[in-house]
Amino acid sequence: MATPELLPRAAWRTSPGRARPLGASPVPGGVNFALHAREARAMWLVLMDAADGTPLAELPFPDSGRFGTLFTVTVQGLNPARFHYGYRVEYTSGELSPVLLDPYATELAGTRGWGARPQYRCAVPTDDFDWGDDRPLGIPQDELIIYETHLRGFTRHTSSAVASPGTYAGLREKIPYLRHLGVNCVELLPVFEFDETDNTYVSPTTGEPLRNFWGYNSVSFFAPKADYASETGPGGPAQELKSLVKSLHAAGIAVVLDVVFNHTAEGDHRGPTISLRGLDESAYYLLDSRGRPVNLTATGNTVNCNHPVTRALILDSLRHWATEYHVDGFRFDMAAVLTRGTDGLPLSAPPLIEAIAHDPALAHCVLIAEATDAAGAYQVGSFPAYGRWSEWNMRYRDAIRRFLLGRPGSAGEFATRLVGSPDLYPGRGATPSVNYVTCHDGFTLADWTTYDRRHNEANGEDGQDGIPDEDSWNCGHEGPTDDPVVLRLRVQQARNALLLLLASQGVPMLLAGDEFGRTQHGNNNAYGQDGPLGWVDWDQRASHGGLLDFTRRTIALRKAHPVLRRVAHPDGNGRPGAPCPPVSWHGEEPWQPDWASTSTLLAAMLYEEREDGPADCVYLAANSGDSPRNLCLPEPPPGLRWHVFADTGSPAHQDGHEEGEEPVCSVTHWCLAAHASLLLVAGPARHAAGA
C-alpha cells in the first residue's frame, strides 16, 4: 500500500543503509537511518521541515536495505539542521501507523515549551560539545553523600534567584550552594524526554489540568527533556545538560540519573502509539493472552525488559548517557520490573541486570535499584547484585522512622540498620545500602514531623493517593502551629533524623530542601504539583538557618570521620590489643545495652584504628522516649577526650559544632532529653563543655 509523496521522489537520493548504529547518524554525504521493526511489512522515512514540522516527503526504505527485522536507508545530501524525521510502518494487515518516533533518537523537537502539548519529531543533533578533560569522578561509594532533587522544582520558585529558573542552567547556578552544603552527588529525577501534560487529573481548586511533574513517564530513552533547557534551539538541551554535568564534575559533584525503563508514556491499550508499540509491541512490552499490555507498574504498561531486543535498547541507552553525557551512575525506578522474564515472573538470574553489572562502558557507574514494583515484588536485600548493585534501603527508612517514634521493637531493628544492614547484605559490606529518611516519594522531613496523615486533596484523587501510613508524628498538633512545645519537638526530630542518617554505615541520601525545612503542607505524593507546593522555596533558609547549619556541619563530620563510612560492616569482634571493638553497644550504663522490645534508648561507640594517627572514635546515643535519660558515658580510647559535636535536645549544642571546634565534654554523665540525640567525637583535649 503506497503513501502519497509530498515532494517528488526524484528530489531525494537514497540507497541501502548501514545496520549499525541504530537510529539516525550522519555519514559522508548524508544521513543513515536504521531501526528494528518486526511487525513491519514496509517502512517509510518521514522527513519534516525543522522550522515548523511541515511534512516534506515520505521515502520508502529499500528492500535491499532490509536485514532480518532491521530496516536501513541512507539519504544523500540531507542536512540534519534543516530536517526532522519520523517513521511510518505498513503492517502485514495493510494498515498504516501514525508517524512514529525513533527509539534511538537522541534529540526530540516539537515540544513547544513547558506545559504545552508536544508534537514530537526526531532531530539529528551535531556532536560538538567540548568536554575538555572532564571525566566521571569515580568517587568511592563509601564517600558518596547523595542529594536527590527534581531538576525543574529545585530552581523554579522565584526565591531561587537564578537567571533561568527550572532549567539545567538554573541548577548549574546553584552549584556553589551544593558545594557549601557539602554533598558530592546529585541524583536527578527523570531527565529523559517526557510529556508533562500527560495527567488525567485536574486541580480540585481551579479545575485546571495537573501536570505530570515528576516525569516518570518516558517518551524517549535517549533524548534529554527539552523543556528543561533555557536554550531550546537545535542541540540546546543536550548542550545545556552536558554543561551542567561538566560544571558539577568541576565542583567535585557526581551525577546520578533516575531512569525509568519499567514503563513508558504509551500506557495501556487505550494509550497513544508513539514509538515502541508501533514497531514491535510484543518485544517491547509484556502482553496478556488478549494481546493487551500487562500492568505491573500501575501506569498501564510494563516494559518487557529481558526480551533480547528490549534488553539491547536499554543497554544502549545506558551506554549513551554514560559516554555521551559523562554521568556517574543511575538509580532505576521500580527496578524489580527489570528482573522479570518475558512471562512477567521474577527471574533468579535476570540477563539484563547481569549485563548492566558487567558492561565495560558502565563499569564506572553507580547502580542503584529501587528494588520493588507496583505488583508486589519486594527485593530489598535480595535484588540480584552481581557484585555491583546497590539498593534504596526501604527497611532503613522504615526502621529509623519507627525508632524515632519509639515504636516497640524498633531499637534493635535500627541498630542493625545503623551498622549497614548486615542481615540484608551479608558479605557485601555496607555500601550496597543507600540509606534515607525521606525521598521525593512521600513526606518531606519537615512534614514527617508535622503531620500524622497525608493531605493530598490538591492531587485531584479525593486525597486517597500516596502512601497511607508514613510512620510519622505531628509532635502533638496536626499542621502548622505556634505552640513552642510542639515546635521544639519538631526541631529535635528533624535533627535526630539527619544526625542518625549521616552517622549510619552505608550511603546517605538527602532530599533537596530537607536541610532548611521544605514543606509540601502534608502532601506526600506531589507528582502532579508543578507549583509552589512542588517547588523548593529558598526563602525557607532564613527561618531554618539553624537546621541548615546543622546539616552542613553533620555532613562535614561524616567526611572527617572514616569510622562513620566504613566499607565493611562493623561488628563486636575487637582486634587483639585494641581498646574496643569496631562497634560496641551501651545503655544508661556503659556496655549494658537495652534490647527489650520496649527500649527507646540506643547507644553505640564506633571505633577504628588508624595507621597515620589517633584512633577514630565516635559515641552516638539516641533517646526516642518521652522522658530524659541519664547516661554514664563510656571511656574514650586511651589518650583521647570526648568532645561534643551535637545534642539535639540542648540549646547550646542543638545546631552542632564546626568540625575540629567541638568543645571538650567535661562530665562523665550526660542527661539526654526526651526525643534527643547526642554525638561525641574522641580527640585531643580542647575547651570544655558540660551537659
# chains A, B, ... in the order shown; residues from 1 in each chain; ligands from 1
call {"tool": "residues_around", "arguments": {"residues": "Arg610 (chain A)", "least_positions_apart": "2", "cutoff": "12 Å", "atoms": "only C-alpha atoms", "output": "ChimeraX atom specification"}}
result
/A:561-563,578,607-608,612-617
call {"tool": "residues_around", "arguments": {"residues": "region 322-328 of chain A", "least_positions_apart": "4", "cutoff": "9 Å", "atoms": "only C-alpha atoms", "output": "PyMOL selection string"}}
result
chain A and resi 134-139+185+238+241-242+245-246+254-257+317-318+361-362+364-366
call {"tool": "closest_residue", "arguments": {"among": "A:Leu489, A:Ile555, A:Ala415, A:Leu547", "to": "Ser599 (chain A)", "atoms": "only C-alpha atoms"}}
result
A:Ala415
call {"tool": "residues_around", "arguments": {"residues": "Cys665 (chain A)", "least_positions_apart": "3", "cutoff": "12 Å", "atoms": "only C-alpha atoms", "output": "ChimeraX atom specification"}}
result
/A:619,633,635-636,640-647,653,662,668-670,678-691
call {"tool": "closest_atom_pairs", "arguments": {"of": "region 506-596 of chain A", "to": "region 391-414 of chain A", "cutoff": "10 Å", "atoms": "only C-alpha atoms", "output": "CSV"}}
result
residue,atom,partner,partner_atom,distance
A:Gly506,CA,A:Asn393,CA,9.6
A:Val507,CA,A:Trp392,CA,9.5
A:Pro508,CA,A:Trp392,CA,9.9
A:Met509,CA,A:Trp392,CA,9.1
A:Pro593,CA,A:Gly412,CA,9.9
A:Asp594,CA,A:Ala411,CA,8.5
A:Trp595,CA,A:Gly412,CA,6.0
A:Ala596,CA,A:Gly409,CA,7.2
call {"tool": "write_last_selection", "arguments": {"atoms": "C-alpha atoms", "output": "short mmCIF file (atom, residue, chain, number, x, y, z; two decimals), in the first residue's frame"}}
result
data_model
loop_
_atom_site.label_atom_id
_atom_site.label_comp_id
_atom_site.auth_asym_id
_atom_site.auth_seq_id
_atom_site.Cartn_x
_atom_site.Cartn_y
_atom_site.Cartn_z
CA GLY A 506 26.15 2.88 54.10
CA VAL A 507 25.48 5.67 51.59
CA PRO A 508 23.29 8.52 52.91
CA MET A 509 20.75 10.25 50.67
CA PRO A 593 22.52 -2.05 76.10
CA ASP A 594 18.78 -2.42 76.45
CA TRP A 595 17.48 -4.73 73.74
CA ALA A 596 13.99 -5.14 75.22
#
call {"tool": "atom_distance", "arguments": {"atom1": "CA of Thr444 (chain A)", "atom2": "CA of His657 (chain A)"}}
result
24.8 Å
call {"tool": "select_by_dssp", "arguments": {"residues": "region 409-588 of chain A", "states": "strand (DSSP E or B)", "output": "list of chain:residue names"}}
result
A:Ser433, A:Val434, A:Asn435, A:Tyr436, A:Val507, A:Pro508, A:Met509, A:Leu510, A:Leu511, A:Val583, A:Ser584, A:Trp585, A:His586
call {"tool": "closest_atom_pairs", "arguments": {"of": "region 372-470 of chain A", "to": "region 198-217 of chain A", "cutoff": "8 Å", "atoms": "only C-alpha atoms", "output": "tab-separated table"}}
result
residue	atom	partner	partner_atom	distance
A:Glu457	CA	A:Pro204	CA	7.6
A:Ala458	CA	A:Ser203	CA	6.1
A:Asn459	CA	A:Ser203	CA	6.5
A:Gly460	CA	A:Pro204	CA	5.5
A:Glu461	CA	A:Tyr201	CA	7.4
